[in-house]
>>> print(open('work_5.txt').read())   # compact mmCIF, C-alpha atoms
# COMPACT_ATOMS: atom_id res chain seq x y z
CA GLU A 1 65.63 12.94 -0.12
CA THR A 2 62.90 14.98 1.49
CA GLY A 3 61.51 15.29 4.99
CA VAL A 4 62.94 13.11 7.72
CA THR A 5 64.73 9.88 6.83
CA GLN A 6 65.86 7.07 9.12
CA THR A 7 68.27 4.20 8.56
CA PRO A 8 68.18 1.31 8.88
CA ARG A 9 64.48 0.65 8.63
CA HIS A 10 64.85 -2.71 10.37
CA LEU A 11 67.51 -3.92 12.79
CA VAL A 12 67.96 -7.18 14.65
CA MET A 13 70.66 -7.29 17.30
CA GLY A 14 71.84 -9.44 20.14
CA MET A 15 72.07 -8.18 23.68
CA THR A 16 75.85 -7.85 23.48
CA ASN A 17 75.97 -6.01 20.16
CA LYS A 18 76.63 -2.32 19.57
CA LYS A 19 74.67 -0.61 16.82
CA SER A 20 73.57 2.88 15.83
CA LEU A 21 70.37 4.34 14.43
CA LYS A 22 70.65 7.31 12.10
CA CYS A 23 68.21 10.13 11.45
CA GLU A 24 68.58 12.91 8.90
CA GLN A 25 66.26 15.84 8.34
CA HIS A 26 66.21 17.78 5.06
CA LEU A 27 63.92 20.56 6.31
CA GLY A 28 66.41 23.08 7.67
CA HIS A 29 65.12 22.56 11.21
CA ASN A 30 66.98 23.32 14.42
CA ALA A 31 65.45 20.78 16.81
CA MET A 32 65.43 16.98 16.66
CA TYR A 33 63.79 14.32 18.80
CA TRP A 34 63.94 10.58 19.51
CA TYR A 35 60.75 8.72 20.44
CA LYS A 36 60.16 5.08 21.38
CA GLN A 37 56.98 3.33 20.25
CA SER A 38 56.47 0.01 22.04
CA ALA A 39 53.61 -2.35 21.30
CA LYS A 40 50.44 -1.41 23.19
CA LYS A 41 52.09 1.62 24.82
CA PRO A 42 51.97 5.32 23.97
CA LEU A 43 54.89 6.95 22.20
CA GLU A 44 57.50 8.08 24.68
CA LEU A 45 59.78 11.04 24.19
CA MET A 46 63.38 9.98 24.84
CA PHE A 47 65.65 12.89 23.91
CA VAL A 48 65.42 16.40 22.51
CA TYR A 49 68.22 18.32 20.83
CA SER A 50 68.18 22.01 19.96
CA LEU A 51 71.03 23.37 17.85
CA GLU A 52 73.08 20.24 18.63
CA GLU A 53 72.65 20.67 22.38
CA ARG A 54 70.68 18.12 24.39
CA VAL A 55 67.81 19.88 26.14
CA GLU A 56 65.77 16.93 27.35
CA ASN A 57 66.58 13.46 28.60
CA ASN A 58 63.50 11.65 29.82
CA SER A 59 65.13 9.27 32.30
CA VAL A 60 66.38 7.04 29.51
CA PRO A 61 68.77 4.19 30.49
CA SER A 62 72.42 4.81 29.68
CA ARG A 63 72.47 1.90 27.22
CA PHE A 64 70.87 4.45 24.85
CA SER A 65 73.33 7.19 23.92
CA PRO A 66 72.25 10.00 21.59
CA GLU A 67 74.53 12.11 19.45
CA CYS A 68 73.75 15.22 17.41
CA PRO A 69 76.85 16.28 15.42
CA ASN A 70 74.95 18.98 13.52
CA SER A 71 71.39 20.23 13.19
CA SER A 72 70.64 17.85 10.29
CA HIS A 73 71.79 14.57 11.82
CA LEU A 74 70.82 12.66 14.93
CA PHE A 75 72.12 9.29 16.04
CA LEU A 76 71.06 6.84 18.71
CA HIS A 77 73.90 4.56 19.79
CA LEU A 78 72.79 1.26 21.30
CA HIS A 79 74.77 -1.15 23.47
CA THR A 80 73.93 -4.06 25.75
CA LEU A 81 70.22 -3.73 25.09
CA GLN A 82 67.51 -5.88 26.63
CA PRO A 83 64.67 -7.70 24.82
CA GLU A 84 62.19 -5.19 26.28
CA ASP A 85 63.98 -2.48 24.27
CA SER A 86 62.50 -3.98 21.10
CA ALA A 87 60.31 -1.25 19.62
CA LEU A 88 59.88 1.21 16.78
CA TYR A 89 62.22 4.16 17.24
CA LEU A 90 60.97 7.34 15.65
CA CYS A 91 62.91 10.47 14.91
CA ALA A 92 61.27 13.87 14.49
CA SER A 93 62.35 17.43 13.80
CA SER A 94 60.83 20.87 14.25
CA GLN A 95 61.81 24.34 13.14
CA ASP A 96 62.82 25.36 16.65
CA TRP A 97 62.62 24.20 20.24
CA THR A 98 60.75 26.67 22.41
CA GLY A 99 58.75 26.58 25.58
CA THR A 100 55.54 28.22 24.53
CA LEU A 101 55.46 28.73 20.78
CA TYR A 102 54.06 25.84 18.82
CA ASN A 103 56.46 24.15 16.41
CA GLU A 104 55.11 21.28 14.36
CA GLN A 105 57.11 18.09 14.63
CA PHE A 106 57.73 16.13 11.44
CA PHE A 107 58.32 12.41 11.89
CA GLY A 108 60.48 9.92 10.06
CA PRO A 109 59.30 6.38 9.18
CA GLY A 110 61.10 4.81 12.12
CA THR A 111 63.54 1.96 12.70
CA ARG A 112 61.99 -1.33 13.81
CA LEU A 113 64.44 -2.74 16.39
CA THR A 114 64.37 -6.33 17.61
CA VAL A 115 66.66 -7.36 20.45
CA LEU A 116 67.22 -11.10 20.76
CA ALA B 1 51.32 16.27 34.36
CA GLN B 2 49.28 15.30 31.35
CA SER B 3 47.69 12.06 30.18
CA VAL B 4 45.70 11.06 27.12
CA THR B 5 43.14 8.27 26.95
CA GLN B 6 41.94 6.61 23.79
CA LEU B 7 39.44 4.08 25.05
CA ASP B 8 38.96 2.25 21.76
CA SER B 9 41.96 0.21 20.70
CA GLN B 10 40.26 -0.78 17.44
CA VAL B 11 37.27 0.59 15.55
CA PRO B 12 35.91 -1.46 12.66
CA VAL B 13 33.62 0.37 10.24
CA PHE B 14 32.23 -0.20 6.78
CA GLU B 15 33.31 1.95 3.85
CA GLU B 16 31.30 5.17 3.43
CA ALA B 17 30.00 4.99 7.00
CA PRO B 18 30.70 7.79 9.49
CA VAL B 19 33.26 7.29 12.24
CA GLU B 20 34.20 8.89 15.53
CA LEU B 21 37.44 8.16 17.36
CA ARG B 22 37.36 9.23 20.98
CA CYS B 23 40.04 11.06 22.91
CA ASN B 24 39.98 12.38 26.44
CA TYR B 25 42.81 14.09 28.24
CA SER B 26 43.72 15.35 31.65
CA SER B 27 46.04 18.24 32.40
CA SER B 28 46.65 20.75 35.15
CA VAL B 29 47.65 23.40 32.58
CA SER B 30 46.24 24.53 29.26
CA VAL B 31 47.21 22.34 26.33
CA TYR B 32 47.40 22.22 22.58
CA LEU B 33 45.69 19.18 21.04
CA PHE B 34 46.56 17.05 18.05
CA TRP B 35 45.56 14.05 16.01
CA TYR B 36 48.22 12.10 14.13
CA VAL B 37 47.79 9.25 11.65
CA GLN B 38 50.25 6.42 11.09
CA TYR B 39 49.91 4.30 7.96
CA PRO B 40 51.64 0.89 7.87
CA ASN B 41 55.43 1.16 7.77
CA GLN B 42 55.33 4.93 7.90
CA GLY B 43 55.96 7.61 10.48
CA LEU B 44 53.36 9.83 12.07
CA GLN B 45 51.62 12.49 10.00
CA LEU B 46 49.79 15.44 11.53
CA LEU B 47 46.09 15.20 10.73
CA LEU B 48 44.89 18.32 12.53
CA LYS B 49 45.62 20.52 15.52
CA TYR B 50 43.87 22.82 17.95
CA LEU B 51 45.95 25.77 19.14
CA SER B 52 43.30 28.41 19.83
CA GLY B 53 40.15 29.96 18.40
CA SER B 54 37.28 27.95 16.95
CA THR B 55 36.79 24.69 18.78
CA LEU B 56 35.93 22.87 15.55
CA VAL B 57 39.06 22.22 13.54
CA LYS B 58 39.31 20.72 10.10
CA GLY B 59 42.25 18.66 8.95
CA ILE B 60 43.46 16.73 5.97
CA ASN B 61 41.60 13.90 4.25
CA GLY B 62 38.18 15.17 5.35
CA PHE B 63 38.72 14.69 9.08
CA GLU B 64 37.60 17.15 11.72
CA ALA B 65 37.73 17.31 15.51
CA GLU B 66 35.99 19.31 18.19
CA PHE B 67 37.63 20.56 21.35
CA ASN B 68 35.34 20.37 24.35
CA LYS B 69 37.03 21.99 27.31
CA SER B 70 34.37 21.11 29.88
CA GLN B 71 34.54 17.44 28.97
CA THR B 72 38.29 17.54 28.28
CA SER B 73 37.70 15.76 25.00
CA PHE B 74 38.96 16.08 21.43
CA HIS B 75 37.08 13.49 19.38
CA LEU B 76 37.95 12.91 15.74
CA ARG B 77 35.21 12.48 13.14
CA LYS B 78 34.78 11.77 9.46
CA PRO B 79 31.35 11.65 7.81
CA SER B 80 32.28 8.99 5.24
CA VAL B 81 35.38 6.80 5.45
CA HIS B 82 37.36 5.16 2.67
CA ILE B 83 39.37 1.96 2.61
CA SER B 84 42.48 4.14 2.45
CA ASP B 85 41.67 5.58 5.90
CA THR B 86 42.67 2.27 7.47
CA ALA B 87 45.52 3.24 9.81
CA GLU B 88 46.47 3.88 13.42
CA TYR B 89 45.28 7.20 14.85
CA PHE B 90 46.95 8.88 17.79
CA CYS B 91 45.61 11.70 19.91
CA ALA B 92 48.23 13.88 21.60
CA VAL B 93 48.47 16.96 23.79
CA SER B 94 51.27 19.34 24.60
CA PRO B 95 51.30 21.73 27.54
CA MET B 96 51.32 25.36 26.46
CA ASP B 97 54.22 26.13 28.80
CA SER B 98 56.44 23.45 27.21
CA SER B 99 54.93 22.97 23.82
CA TYR B 100 57.69 20.72 22.47
CA LYS B 101 56.47 17.89 24.74
CA LEU B 102 53.98 15.69 22.93
CA ILE B 103 52.08 13.30 25.20
CA PHE B 104 50.39 10.60 23.19
CA GLY B 105 47.48 8.25 23.73
CA SER B 106 47.92 4.56 23.05
CA GLY B 107 46.29 4.79 19.63
CA THR B 108 43.13 3.58 17.89
CA ARG B 109 43.32 1.30 14.90
CA LEU B 110 40.67 2.23 12.34
CA LEU B 111 39.79 -0.73 10.17
CA VAL B 112 37.63 0.15 7.18
CA ARG B 113 35.91 -2.80 5.53
CA PRO B 114 34.41 -2.87 2.01
>>> encode(input="work_5.txt", output="structure tokens")
Amino acid sequence: ETGVTQTPRHLVMGMTNKKSLKCEQHLGHNAMYWYKQSAKKPLELMFVYSLEERVENNSVPSRFSPECPNSSHLFLHLHTLQPEDSALYLCASSQDWTGTLYNEQFFGPGTRLTVL
Amino acid sequence: AQSVTQLDSQVPVFEEAPVELRCNYSSSVSVYLFWYVQYPNQGLQLLLKYLSGSTLVKGINGFEAEFNKSQTSFHLRKPSVHISDTAEYFCAVSPMDSSYKLIFGSGTRLLVRP
């Protein structure tokens, strides 16, 4: 595997289900990100992790719970979602997380989530 | 705060014709600028970026963009498109004081017809 991989690629769940999205980066990076891409809306940054520590939480509802057990893996745990949470969830990684120095973000293919 | 506007949600063009995808932004601080491309069922791929220096930047697949600070624009151009350029294109900015934050436009779908 190379780059950033995400599993599953597609997920359908009911509002009472609990599921998890997985992201793995094979680039030796130290920072990982979750984005939400809804239809007709710009990509929204949800969470940022740097060296397994959460450094950004963009007012995301608590029904989304991220976990970063190590610098290569990032999870997004989902529970009691709403139909409006249906979207493409993209994971990205970058070499480091810094304030002013540019670090290119590399994106995975995404998980297409449908909440019924 | 920053915002990015891509006025054209879809741009149809014939193969081998030139194309320009428009992007305007607003920001109270200096920003880096980017164009990403998303092919069907794939993630985002960086097409080109402006960090500093020459305002005309060249990217992959023959694309280029020009940063115009006075007009706060970063339009993407290609002199001759191919069918394989059909994809969604996203303009994004990140503030220089928190460069990990990517703020995206809503995207422009480029549809290249034979």
>>> residues_around(input="work_5.txt", residues="Ser27 (chain B)", least_positions_apart="2", cutoff="9 Å", atoms="all atoms listed in the file", output="short mmCIF file (atom, residue, chain, number, x, y, z; two decimals) with C-alpha atoms, in the frame of the given file")
data_model
loop_
_atom_site.label_atom_id
_atom_site.label_comp_id
_atom_site.auth_asym_id
_atom_site.auth_seq_id
_atom_site.Cartn_x
_atom_site.Cartn_y
_atom_site.Cartn_z
CA ALA B 1 51.32 16.27 34.36
CA GLN B 2 49.28 15.30 31.35
CA SER B 3 47.69 12.06 30.18
CA VAL B 4 45.70 11.06 27.12
CA TYR B 25 42.81 14.09 28.24
CA VAL B 29 47.65 23.40 32.58
CA SER B 30 46.24 24.53 29.26
CA VAL B 31 47.21 22.34 26.33
CA THR B 72 38.29 17.54 28.28
CA PRO B 95 51.30 21.73 27.54
#
>>> atom_distance(input="work_5.txt", atom1="CA of Trp97 (chain A)", atom2="CA of Gly105 (chain B)")
22.3 Å
>>> interface_residues(input="work_5.txt", of="chain B", to="chain A", cutoff="7 Å", atoms="all atoms listed in the file", output="PyMOL selection string")
chain B and resi 41-45+96-100+104-106
>>> residues_around(input="work_5.txt", residues="Glu20 (chain B)", least_positions_apart="6", cutoff="10 Å", atoms="all atoms listed in the file", output="CSV table (one decimal) with C-alpha atoms, keeping the file's coordinate frame")
chain,number,residue,atom,x,y,z
B,11,VAL,CA,37.3,0.6,15.6
B,63,PHE,CA,38.7,14.7,9.1
B,64,GLU,CA,37.6,17.2,11.7
B,65,ALA,CA,37.7,17.3,15.5
B,75,HIS,CA,37.1,13.5,19.4
B,76,LEU,CA,38.0,12.9,15.7
B,77,ARG,CA,35.2,12.5,13.1
B,78,LYS,CA,34.8,11.8,9.5
B,79,PRO,CA,31.4,11.6,7.8
B,110,LEU,CA,40.7,2.2,12.3
>>> residues_around(input="work_5.txt", residues="Gly53 (chain B)", least_positions_apart="5", cutoff="12 Å", atoms="only C-alpha atoms", output="list of chain:residue names")
B:Tyr32, B:Glu66, B:Phe67
>>> atom_distance(input="work_5.txt", atom1="CA of Glu16 (chain B)", atom2="CA of Thr55 (chain B)")
25.4 Å
>>> closest_residue(input="work_5.txt", among="A:Leu27, A:Cys68, A:Leu74, A:Leu51", to="Gln6 (chain A)", atoms="only C-alpha atoms")
A:Leu74
>>> atom_distance(input="work_5.txt", atom1="CA of Arg109 (chain B)", atom2="CA of Gln95 (chain A)")
29.6 Å
>>> residues_around(input="work_5.txt", residues="Glu88 (chain B)", least_positions_apart="5", cutoff="6 Å", atoms="all atoms listed in the file", output="ChimeraX atom specification")
/B:37-38,108-109
>>> closest_residue(input="work_5.txt", among="B:Ser80, B:Ser73, B:Thr86, B:Ser94", to="Pro18 (chain B)", atoms="all atoms listed in the file")
B:Ser80
>>> residues_near_point(input="work_5.txt", point="(35.3, 0.2, 7.6)", cutoff="8 Å", atoms="only C-alpha atoms", output="list in words")
Pro12, Val13, Phe14, Glu15, Glu16, Ala17, Val81, His82, Ile83, Thr86, Leu110, Leu111, Val112, Arg113 and Pro114 of chain B
>>> closest_residue(input="work_5.txt", among="A:Ser65, A:Ser50, A:Gln82, A:Thr114", to="His29 (chain A)", atoms="all atoms listed in the file")
A:Ser50
>>> residues_around(input="work_5.txt", residues="Asn57 (chain A)", least_positions_apart="2", cutoff="9 Å", atoms="all atoms listed in the file", output="ChimeraX atom specification")
/A:45-48,54-55,59-60
